[in-house]
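K.L.:
This one is input-v8.txt, compact mmCIF, C-alpha atoms.
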# COMPACT_ATOMS: atom_id res chain seq x y z
CA GLN A 11 -104.35 78.81 145.42
CA LEU A 12 -101.41 79.04 143.00
CA LYS A 13 -98.40 81.16 143.91
CA VAL A 14 -97.61 81.62 140.21
CA ASN A 15 -99.63 83.17 137.41
CA VAL A 16 -100.52 81.13 134.32
CA ALA A 17 -101.18 82.93 131.02
CA CYS A 18 -102.43 81.35 127.79
CA VAL A 19 -101.82 83.12 124.47
CA LEU A 20 -103.77 81.83 121.46
CA ILE A 21 -101.88 82.77 118.30
CA ALA A 22 -103.92 84.23 115.45
CA ASN A 23 -101.49 84.26 112.54
CA GLU A 24 -98.59 81.91 113.22
CA GLU A 25 -98.46 80.77 109.56
CA ASN A 26 -100.30 83.61 107.87
CA SER A 27 -97.93 86.49 107.26
CA SER A 28 -100.44 88.22 104.98
CA GLU A 29 -102.40 89.44 108.03
CA LEU A 30 -100.12 91.64 110.10
CA GLY A 31 -100.54 93.26 113.50
CA ILE A 32 -102.67 90.54 115.08
CA GLY A 33 -100.26 87.83 116.30
CA VAL A 34 -97.90 87.26 119.20
CA ASP A 35 -95.30 89.43 117.46
CA GLU A 36 -97.69 92.38 117.74
CA LEU A 37 -98.40 91.54 121.40
CA ALA A 38 -94.66 91.59 122.09
CA LYS A 39 -94.26 94.83 120.14
CA ARG A 40 -96.92 96.51 122.30
CA GLY A 41 -95.47 95.14 125.55
CA MET A 42 -98.62 93.15 126.29
CA ILE A 43 -96.77 89.93 127.17
CA ALA A 44 -93.71 91.50 128.81
CA HIS A 45 -94.80 90.05 132.17
CA LEU A 46 -94.09 86.55 130.78
CA LYS A 47 -90.36 87.27 130.95
CA LYS A 48 -90.58 86.55 134.70
CA GLY A 49 -91.18 82.86 134.03
CA PRO A 50 -90.75 80.26 131.30
CA VAL A 51 -92.79 80.38 128.10
CA PHE A 52 -93.89 77.09 126.53
CA TRP A 53 -94.52 77.24 122.78
CA VAL A 54 -96.94 74.41 121.98
CA ASP A 55 -96.33 73.81 118.29
CA ALA A 56 -93.98 70.84 117.94
CA ALA A 57 -94.91 67.14 117.81
CA ASP A 58 -94.46 63.64 119.20
CA LYS A 59 -94.82 64.69 122.87
CA HIS A 60 -91.13 65.02 123.76
CA PRO A 61 -89.36 68.37 124.25
CA CYS A 62 -88.05 70.03 121.10
CA LEU A 63 -84.69 71.63 121.82
CA GLY A 64 -84.10 73.36 118.52
CA THR A 65 -85.43 74.24 115.09
CA ALA A 66 -83.83 75.62 111.96
CA GLY A 67 -83.88 78.94 110.23
CA MET A 68 -85.37 78.99 106.75
CA VAL A 69 -84.58 80.96 103.60
CA ALA A 70 -86.64 80.46 100.44
CA TRP A 71 -84.80 81.25 97.21
CA GLN A 72 -85.40 81.47 93.47
CA LEU A 73 -82.70 81.15 90.85
CA LYS A 74 -83.59 82.22 87.31
CA ALA A 75 -81.23 81.31 84.50
CA LYS A 76 -81.34 83.33 81.28
CA GLY A 77 -79.69 81.83 78.22
CA LYS A 78 -80.37 82.01 74.49
CA LEU A 79 -83.32 80.26 72.88
CA PHE A 80 -82.27 78.36 69.76
CA HIS A 81 -82.97 75.32 67.61
CA SER A 82 -81.76 72.13 69.28
CA GLY A 83 -80.10 71.02 66.06
CA LEU A 84 -77.67 73.92 66.41
CA PRO A 85 -76.69 73.67 70.10
CA HIS A 86 -73.47 75.62 69.58
CA GLN A 87 -75.54 78.74 68.85
CA GLY A 88 -77.77 78.58 71.92
CA ILE A 89 -77.30 78.85 75.68
CA ASN A 90 -79.28 76.17 77.44
CA ALA A 91 -80.86 77.89 80.44
CA MET A 92 -82.09 74.57 81.81
CA GLU A 93 -78.58 73.11 81.94
CA MET A 94 -77.18 76.37 83.32
CA ALA A 95 -79.74 76.42 86.13
CA MET A 96 -78.97 72.82 87.09
CA ASP A 97 -75.22 73.38 87.02
CA ALA A 98 -75.53 76.63 88.98
CA VAL A 99 -77.60 75.00 91.73
CA SER A 100 -75.10 72.15 91.98
CA TYR A 101 -72.23 74.66 92.26
CA MET A 102 -74.09 76.68 94.91
CA GLN A 103 -74.91 73.56 96.92
CA ASN A 104 -71.26 72.52 96.98
CA LYS A 105 -70.25 76.00 98.18
CA PHE A 106 -73.04 76.01 100.76
CA TYR A 107 -71.94 72.75 102.36
CA GLU A 108 -68.36 74.04 102.50
CA ASP A 109 -69.48 77.23 104.25
CA PHE A 110 -72.09 75.65 106.55
CA PRO A 111 -70.75 72.24 107.58
CA PRO A 112 -72.26 70.21 110.43
CA HIS A 113 -71.82 72.24 113.64
CA GLU A 114 -70.46 70.69 116.83
CA ASN A 115 -73.55 71.78 118.79
CA GLU A 116 -75.93 69.90 116.49
CA LYS A 117 -75.03 66.62 118.19
CA ARG A 118 -75.48 68.13 121.64
CA TYR A 119 -78.98 69.28 120.75
CA GLY A 120 -79.87 66.09 118.93
CA PHE A 121 -80.47 67.56 115.48
CA VAL A 122 -81.65 64.91 113.02
CA THR A 123 -79.85 66.59 110.10
CA CYS A 124 -77.37 69.39 109.54
CA SER A 125 -78.06 72.53 107.53
CA SER A 126 -79.24 71.92 103.97
CA MET A 127 -79.80 73.69 100.66
CA LYS A 128 -81.91 72.00 97.99
CA PRO A 129 -84.19 72.69 95.01
CA THR A 130 -87.88 71.91 95.45
CA GLN A 131 -89.59 73.50 92.41
CA TRP A 132 -88.83 73.79 88.70
CA SER A 133 -90.43 75.86 85.94
CA TYR A 134 -89.77 77.22 82.46
CA PRO A 135 -91.89 79.18 79.98
CA GLY A 136 -92.50 76.20 77.73
CA GLY A 137 -91.57 75.48 74.13
CA GLY A 138 -91.01 72.69 71.65
CA VAL A 139 -88.94 69.62 72.41
CA ASN A 140 -86.64 70.73 69.60
CA GLN A 141 -85.88 74.10 71.25
CA ILE A 142 -83.01 74.92 73.56
CA PRO A 143 -84.75 76.81 76.40
CA GLY A 144 -83.74 80.42 76.87
CA GLU A 145 -85.06 80.67 80.42
CA ALA A 146 -85.51 78.33 83.38
CA THR A 147 -86.23 78.84 87.07
CA ILE A 148 -85.45 76.70 90.07
CA CYS A 149 -86.86 77.45 93.53
CA GLY A 150 -85.89 75.87 96.82
CA ASP A 151 -85.02 76.54 100.41
CA VAL A 152 -82.21 76.59 102.90
CA ARG A 153 -82.69 75.09 106.34
CA ILE A 154 -79.99 76.43 108.62
CA THR A 155 -79.35 75.14 112.15
CA PRO A 156 -79.51 77.87 114.82
CA PHE A 157 -75.74 77.92 115.28
CA TYR A 158 -75.59 79.83 111.99
CA SER A 159 -77.81 82.79 111.10
CA ALA A 160 -80.33 83.05 108.29
CA ASP A 161 -78.71 86.36 107.31
CA GLN A 162 -75.39 84.56 106.87
CA ALA A 163 -77.06 82.11 104.52
CA ILE A 164 -78.71 84.89 102.50
CA GLN A 165 -75.45 86.76 102.01
CA SER A 166 -73.71 83.54 101.00
CA LEU A 167 -76.34 82.65 98.40
CA LYS A 168 -76.10 86.11 96.90
CA GLY A 169 -72.32 85.83 96.85
CA TYR A 170 -72.43 82.49 95.01
CA ALA A 171 -74.69 83.93 92.29
CA ASP A 172 -72.54 87.04 91.92
CA GLU A 173 -69.42 84.89 91.66
CA LEU A 174 -70.90 82.84 88.83
CA ASN A 175 -72.15 85.89 86.94
CA ARG A 176 -68.61 87.27 87.02
CA ASP A 177 -67.18 84.02 85.67
CA LEU A 178 -69.56 81.42 84.21
CA SER A 179 -66.60 79.24 83.29
CA LYS A 180 -66.69 78.03 86.91
CA LEU A 181 -69.66 75.90 85.88
CA GLY A 182 -67.97 73.93 83.15
CA THR A 183 -70.30 72.72 80.39
CA ARG A 184 -72.23 69.62 79.35
CA GLY A 185 -70.65 68.07 76.32
CA PRO A 186 -68.18 69.47 73.77
CA VAL A 187 -70.53 71.96 72.08
CA ALA A 188 -72.60 73.43 74.96
CA LYS A 189 -71.51 76.87 76.17
CA TYR A 190 -72.73 79.49 78.63
CA VAL A 191 -70.69 82.19 76.89
CA LEU A 192 -70.87 82.24 73.07
CA PRO A 193 -68.01 83.31 70.77
CA ASP A 194 -69.88 86.52 69.87
CA GLY A 195 -69.88 87.57 73.56
CA THR A 196 -73.45 86.59 74.37
CA LYS A 197 -73.50 85.40 78.00
CA GLY A 198 -75.92 83.55 80.19
CA GLN A 199 -77.11 85.29 83.33
CA LEU A 200 -78.27 84.16 86.77
CA GLU A 201 -80.76 86.09 88.90
CA LEU A 202 -81.08 85.11 92.55
CA THR A 203 -84.15 86.27 94.48
CA ILE A 204 -84.82 85.71 98.19
CA MET A 205 -88.51 84.89 98.45
CA GLY A 206 -90.40 86.48 101.32
CA SER A 207 -88.97 86.91 104.80
CA SER A 208 -86.50 84.51 106.32
CA VAL A 209 -87.17 82.63 109.57
CA SER A 210 -84.56 82.41 112.31
CA GLY A 211 -83.69 79.13 114.01
CA ILE A 212 -83.66 78.63 117.76
CA ALA A 213 -81.70 76.57 120.28
CA VAL A 214 -83.49 76.62 123.63
CA THR A 215 -81.60 77.26 126.86
CA LEU A 216 -80.86 73.80 128.21
CA ASP A 217 -80.10 74.76 131.81
CA SER A 218 -83.11 77.04 132.31
CA PRO A 219 -85.94 76.43 134.81
CA GLY A 220 -88.34 76.02 131.89
CA ASN A 221 -86.36 73.22 130.25
CA THR A 222 -85.83 71.48 133.60
CA VAL A 223 -89.51 71.30 134.53
CA LEU A 224 -90.56 70.37 130.97
CA CYS A 225 -88.19 67.40 130.91
CA GLU A 226 -89.17 66.32 134.44
CA ALA A 227 -92.90 66.54 133.69
CA THR A 228 -92.52 64.69 130.38
CA LYS A 229 -90.68 61.82 132.04
CA GLU A 230 -93.27 61.53 134.81
CA VAL A 231 -96.17 61.36 132.33
CA LEU A 232 -94.61 59.28 129.53
CA GLY A 233 -92.12 57.24 131.53
CA GLU A 234 -89.24 58.64 129.48
CA CYS A 235 -88.02 61.92 128.06
CA ASN A 236 -86.26 61.95 124.69
CA PRO A 237 -85.59 65.55 123.61
CA TYR A 238 -84.86 66.14 119.93
CA SER A 239 -84.17 68.88 117.42
CA LEU A 240 -85.03 69.08 113.75
CA THR A 241 -84.61 71.39 110.79
CA GLY A 242 -88.25 72.28 110.49
CA SER A 243 -88.86 75.95 111.23
CA LEU A 244 -91.02 77.88 113.69
CA PRO A 245 -91.68 81.59 113.19
CA LEU A 246 -91.35 84.15 115.99
CA VAL A 247 -89.70 81.90 118.59
CA LYS A 248 -86.15 83.17 118.12
CA GLU A 249 -87.35 86.76 118.25
CA LEU A 250 -89.05 86.12 121.59
CA GLN A 251 -85.94 84.42 122.94
CA ASP A 252 -83.82 87.38 121.84
CA GLU A 253 -86.18 89.68 123.77
CA GLY A 254 -85.46 87.83 126.99
CA TYR A 255 -88.09 85.09 127.20
CA ASP A 256 -87.12 81.61 128.46
CA LEU A 257 -88.80 79.99 125.50
CA GLN A 258 -89.23 76.19 125.46
CA ILE A 259 -90.92 74.12 122.75
CA MET A 260 -93.36 71.25 123.11
CA GLY A 261 -96.18 69.74 121.05
CA TYR A 262 -98.56 66.82 120.86
CA GLY A 263 -99.42 66.33 117.21
CA LEU A 264 -97.91 63.60 115.05
CA MET A 265 -94.78 64.46 113.10
CA LYS A 266 -95.49 61.72 110.55
CA THR A 267 -98.66 63.55 109.46
CA TYR A 268 -97.07 67.00 109.02
CA HIS A 269 -98.66 68.60 105.93
CA ALA A 270 -100.38 65.34 105.03
CA LYS A 271 -103.63 65.48 103.09
CA ASN A 272 -105.40 64.29 106.21
CA GLU A 273 -103.27 65.82 108.94
CA TYR A 274 -104.39 64.58 112.34
CA GLY A 275 -103.41 64.07 115.96
CA LEU A 276 -104.52 61.64 118.65
CA LEU A 277 -106.77 62.68 121.51
CA SER A 278 -104.75 60.40 123.77
CA ASP A 279 -101.60 62.40 122.91
CA PHE A 280 -103.39 65.67 123.63
CA GLY A 281 -104.47 64.16 126.95
CA ASP A 282 -100.83 63.42 127.76
CA GLY A 283 -99.98 66.98 126.82
CA PHE A 284 -102.56 68.31 129.26
CA LYS A 285 -101.06 66.15 132.00
CA VAL A 286 -97.58 67.45 131.21
CA MET A 287 -98.81 71.04 131.37
CA THR A 288 -100.52 70.54 134.75
CA LYS A 289 -97.33 69.02 136.15
CA ILE A 290 -95.30 71.94 134.81
CA VAL A 291 -97.59 74.39 136.61
CA GLN A 292 -97.40 72.37 139.82
CA LYS A 293 -93.60 72.15 139.71
CA LEU A 294 -93.18 75.87 139.08
CA ASN A 295 -95.67 76.57 141.86
CA ASP A 296 -93.79 74.34 144.29
CA LYS A 297 -90.55 76.22 143.53
CA ALA A 298 -92.13 79.68 143.87
What would you get if you wrote out this structure as structure tokens?

P.N.:
Amino acid sequence: QLKVNVACVLIANEENSSELGIGVDELAKRGMIAHLKKGPVFWVDAADKHPCLGTAGMVAWQLKAKGKLFHSGLPHQGINAMEMAMDAVSYMQNKFYEDFPPHENEKRYGFVTCSSMKPTQWSYPGGGVNQIPGEATICGDVRITPFYSADQAIQSLKGYADELNRDLSKLGTRGPVAKYVLPDGTKGQLELTIMGSSVSGIAVTLDSPGNTVLCEATKEVLGECNPYSLTGSLPLVKELQDEGYDLQIMGYGLMKTYHAKNEYGLLSDFGDGFKVMTKIVQKLNDKA
């Protein structure tokens, strides 16, 4: 008979924020998993079988540039929103990497990359090839290592956009006739929107009982233990850690198939995961 209790929580809405009040966040809110604070919690949602020591926070953003639609044969009378959006994103990226450089703890945790800001989507209302576009929108995300906060990143992005709106001359221009402020006073404008809710990053506690037994069990099953961190994001985990849970991260899918058209895992890897879990329970029981 075990001297420790083992609880399994199946998460209903880990990646579906449209359905609220049914996931582990609601369980924590109601105090229904408070008893798990007495022992380690293993979040099984990483990949490649080795312990995951950290994940990144995530902020999705949208930058809309508003210029002045005009005939492309008279570029001095228009404000090219497409060029302004590109230049603004480049300016904001440069500022971002100054404000969020690689952190000393990223090497300790084995992060594959540092924090990043990049565009991932582009759109504009459409028009003729001979028209200077009056509006363009770029969307993207920030991945922020857990040694910075997602709120810091949000405030910085807003500050960059405000700074440019106060002085668009910081962008320079493309060519001798392009302008973002016309002689008659007409100015381009940038609108930054934070899309949805941000996700906080996490760095697990390295010297905790949970991390110790996870690494020991992994090595016994696989013959080696190679912990890693990456700037993918997991919802809820940081919030649970902040509430006092010794949260550790593991997983047995394949990272190379993340979001692939035919995402899959190997039954043999899941079998290894089951062996790791049984060893974790045994080790915690032996120490009880």

K.L.:
Mind checking which residues fall within 12 Å of Phe52 (chain A), counting all atoms listed in the file, ignoring those fewer than 3 positions away in the same chain, and posting them as number ranges by chain?

P.N.:
A: 16-19, 46-47, 49, 55-56, 61-63, 214, 219-221, 223-224, 247, 250-251, 255-261, 283, 286-287, 290-291

K.L.:
Keeping only C-alpha atoms, write the selected residues as a PDB file, in the frame of the given file.

P.N.:
ATOM      1  CA  VAL A  16    -100.520  81.130 134.320  1.00  0.00           C
ATOM      2  CA  ALA A  17    -101.180  82.930 131.020  1.00  0.00           C
ATOM      3  CA  CYS A  18    -102.430  81.350 127.790  1.00  0.00           C
ATOM      4  CA  VAL A  19    -101.820  83.120 124.470  1.00  0.00           C
ATOM      5  CA  LEU A  46     -94.090  86.550 130.780  1.00  0.00           C
ATOM      6  CA  LYS A  47     -90.360  87.270 130.950  1.00  0.00           C
ATOM      7  CA  GLY A  49     -91.180  82.860 134.030  1.00  0.00           C
ATOM      8  CA  ASP A  55     -96.330  73.810 118.290  1.00  0.00           C
ATOM      9  CA  ALA A  56     -93.980  70.840 117.940  1.00  0.00           C
ATOM     10  CA  PRO A  61     -89.360  68.370 124.250  1.00  0.00           C
ATOM     11  CA  CYS A  62     -88.050  70.030 121.100  1.00  0.00           C
ATOM     12  CA  LEU A  63     -84.690  71.630 121.820  1.00  0.00           C
ATOM     13  CA  VAL A 214     -83.490  76.620 123.630  1.00  0.00           C
ATOM     14  CA  PRO A 219     -85.940  76.430 134.810  1.00  0.00           C
ATOM     15  CA  GLY A 220     -88.340  76.020 131.890  1.00  0.00           C
ATOM     16  CA  ASN A 221     -86.360  73.220 130.250  1.00  0.00           C
ATOM     17  CA  VAL A 223     -89.510  71.300 134.530  1.00  0.00           C
ATOM     18  CA  LEU A 224     -90.560  70.370 130.970  1.00  0.00           C
ATOM     19  CA  VAL A 247     -89.700  81.900 118.590  1.00  0.00           C
ATOM     20  CA  LEU A 250     -89.050  86.120 121.590  1.00  0.00           C
ATOM     21  CA  GLN A 251     -85.940  84.420 122.940  1.00  0.00           C
ATOM     22  CA  TYR A 255     -88.090  85.090 127.200  1.00  0.00           C
ATOM     23  CA  ASP A 256     -87.120  81.610 128.460  1.00  0.00           C
ATOM     24  CA  LEU A 257     -88.800  79.990 125.500  1.00  0.00           C
ATOM     25  CA  GLN A 258     -89.230  76.190 125.460  1.00  0.00           C
ATOM     26  CA  ILE A 259     -90.920  74.120 122.750  1.00  0.00           C
ATOM     27  CA  MET A 260     -93.360  71.250 123.110  1.00  0.00           C
ATOM     28  CA  GLY A 261     -96.180  69.740 121.050  1.00  0.00           C
ATOM     29  CA  GLY A 283     -99.980  66.980 126.820  1.00  0.00           C
ATOM     30  CA  VAL A 286     -97.580  67.450 131.210  1.00  0.00           C
ATOM     31  CA  MET A 287     -98.810  71.040 131.370  1.00  0.00           C
ATOM     32  CA  ILE A 290     -95.300  71.940 134.810  1.00  0.00           C
ATOM     33  CA  VAL A 291     -97.590  74.390 136.610  1.00  0.00           C
TER      34      VAL A 291
END

K.L.:
Need to verify the contact set: region 68-79 of chain A, 7 Å, only C-alpha atoms, exclusion of same-chain residues closer than 4 positions in sequence. Can you return it as number ranges by chain?

P.N.:
A: 88-91, 94-95, 141-154, 160, 198-205, 208-210, 243

K.L.:
Using only C-alpha atoms, please write the residues we just selected to a file, as a PDB file, in the coordinates of the input.

P.N.:
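And here's again-v5.pdb as it stands now:
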ATOM      1  CA  GLY A  88     -77.770  78.580  71.920  1.00  0.00           C
ATOM      2  CA  ILE A  89     -77.300  78.850  75.680  1.00  0.00           C
ATOM      3  CA  ASN A  90     -79.280  76.170  77.440  1.00  0.00           C
ATOM      4  CA  ALA A  91     -80.860  77.890  80.440  1.00  0.00           C
ATOM      5  CA  MET A  94     -77.180  76.370  83.320  1.00  0.00           C
ATOM      6  CA  ALA A  95     -79.740  76.420  86.130  1.00  0.00           C
ATOM      7  CA  GLN A 141     -85.880  74.100  71.250  1.00  0.00           C
ATOM      8  CA  ILE A 142     -83.010  74.920  73.560  1.00  0.00           C
ATOM      9  CA  PRO A 143     -84.750  76.810  76.400  1.00  0.00           C
ATOM     10  CA  GLY A 144     -83.740  80.420  76.870  1.00  0.00           C
ATOM     11  CA  GLU A 145     -85.060  80.670  80.420  1.00  0.00           C
ATOM     12  CA  ALA A 146     -85.510  78.330  83.380  1.00  0.00           C
ATOM     13  CA  THR A 147     -86.230  78.840  87.070  1.00  0.00           C
ATOM     14  CA  ILE A 148     -85.450  76.700  90.070  1.00  0.00           C
ATOM     15  CA  CYS A 149     -86.860  77.450  93.530  1.00  0.00           C
ATOM     16  CA  GLY A 150     -85.890  75.870  96.820  1.00  0.00           C
ATOM     17  CA  ASP A 151     -85.020  76.540 100.410  1.00  0.00           C
ATOM     18  CA  VAL A 152     -82.210  76.590 102.900  1.00  0.00           C
ATOM     19  CA  ARG A 153     -82.690  75.090 106.340  1.00  0.00           C
ATOM     20  CA  ILE A 154     -79.990  76.430 108.620  1.00  0.00           C
ATOM     21  CA  ALA A 160     -80.330  83.050 108.290  1.00  0.00           C
ATOM     22  CA  GLY A 198     -75.920  83.550  80.190  1.00  0.00           C
ATOM     23  CA  GLN A 199     -77.110  85.290  83.330  1.00  0.00           C
ATOM     24  CA  LEU A 200     -78.270  84.160  86.770  1.00  0.00           C
ATOM     25  CA  GLU A 201     -80.760  86.090  88.900  1.00  0.00           C
ATOM     26  CA  LEU A 202     -81.080  85.110  92.550  1.00  0.00           C
ATOM     27  CA  THR A 203     -84.150  86.270  94.480  1.00  0.00           C
ATOM     28  CA  ILE A 204     -84.820  85.710  98.190  1.00  0.00           C
ATOM     29  CA  MET A 205     -88.510  84.890  98.450  1.00  0.00           C
ATOM     30  CA  SER A 208     -86.500  84.510 106.320  1.00  0.00           C
ATOM     31  CA  VAL A 209     -87.170  82.630 109.570  1.00  0.00           C
ATOM     32  CA  SER A 210     -84.560  82.410 112.310  1.00  0.00           C
ATOM     33  CA  SER A 243     -88.860  75.950 111.230  1.00  0.00           C
TER      34      SER A 243
END

K.L.:
Hey, which of A:Gly254, A:Glu29, A:Ser159, A:Lys248 ends up closest to His45 (chain A)? Count only C-alpha atoms.

P.N.:
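Of all the options, A:Gly254 lies closest to His45 (chain A).
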
K.L.:
Which of these residues is nearest to Val99 (chain A), using only C-alpha atoms: A:Val139, A:Gly33, A:Leu181, A:Met42?

P.N.:
A:Leu181

K.L.:
For Asp35 (chain A), which residue out of A:Thr130, A:Ser239, A:Asn23, A:Thr222 is the nearest one, using only C-alpha atoms?

P.N.:
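Among the listed residues, the smallest separation from Asp35 (chain A) belongs to A:Asn23.
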
K.L.:
Tell me which of A:Asp194, A:Asp161, A:Asp172, A:Glu230 sits closest to Asp282 (chain A), counting only C-alpha atoms.

P.N.:
A:Glu230

K.L.:
Given all atoms listed in the file as the basis, pick out the residue of A:Asn15, A:Tyr268, A:Leu246, A:Phe110 nearest to Glu36 (chain A).

P.N.:
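Using all atoms listed in the file, the shortest distance to Glu36 (chain A) belongs to A:Leu246.
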
K.L.:
Quick one: of A:Val231, A:Glu253, A:Tyr274, A:Lys197, who's nearest to Ile43 (chain A), counting all atoms listed in the file?

P.N.:
A:Glu253

K.L.:
If I put a ball of radius 10 Å at (-84.7, 63.3, 112.5) in the file's coordinates, which residues poke into it when counting only C-alpha atoms, written as an mmCIF file with C-alpha atoms, in the coordinates of the input?

P.N.:
data_model
loop_
_atom_site.group_PDB
_atom_site.id
_atom_site.type_symbol
_atom_site.label_atom_id
_atom_site.label_comp_id
_atom_site.auth_asym_id
_atom_site.auth_seq_id
_atom_site.Cartn_x
_atom_site.Cartn_y
_atom_site.Cartn_z
ATOM 1 C CA GLY A 120 -79.870 66.090 118.930
ATOM 2 C CA PHE A 121 -80.470 67.560 115.480
ATOM 3 C CA VAL A 122 -81.650 64.910 113.020
ATOM 4 C CA THR A 123 -79.850 66.590 110.100
ATOM 5 C CA CYS A 124 -77.370 69.390 109.540
ATOM 6 C CA TYR A 238 -84.860 66.140 119.930
ATOM 7 C CA SER A 239 -84.170 68.880 117.420
ATOM 8 C CA LEU A 240 -85.030 69.080 113.750
ATOM 9 C CA THR A 241 -84.610 71.390 110.790
ATOM 10 C CA GLY A 242 -88.250 72.280 110.490
#
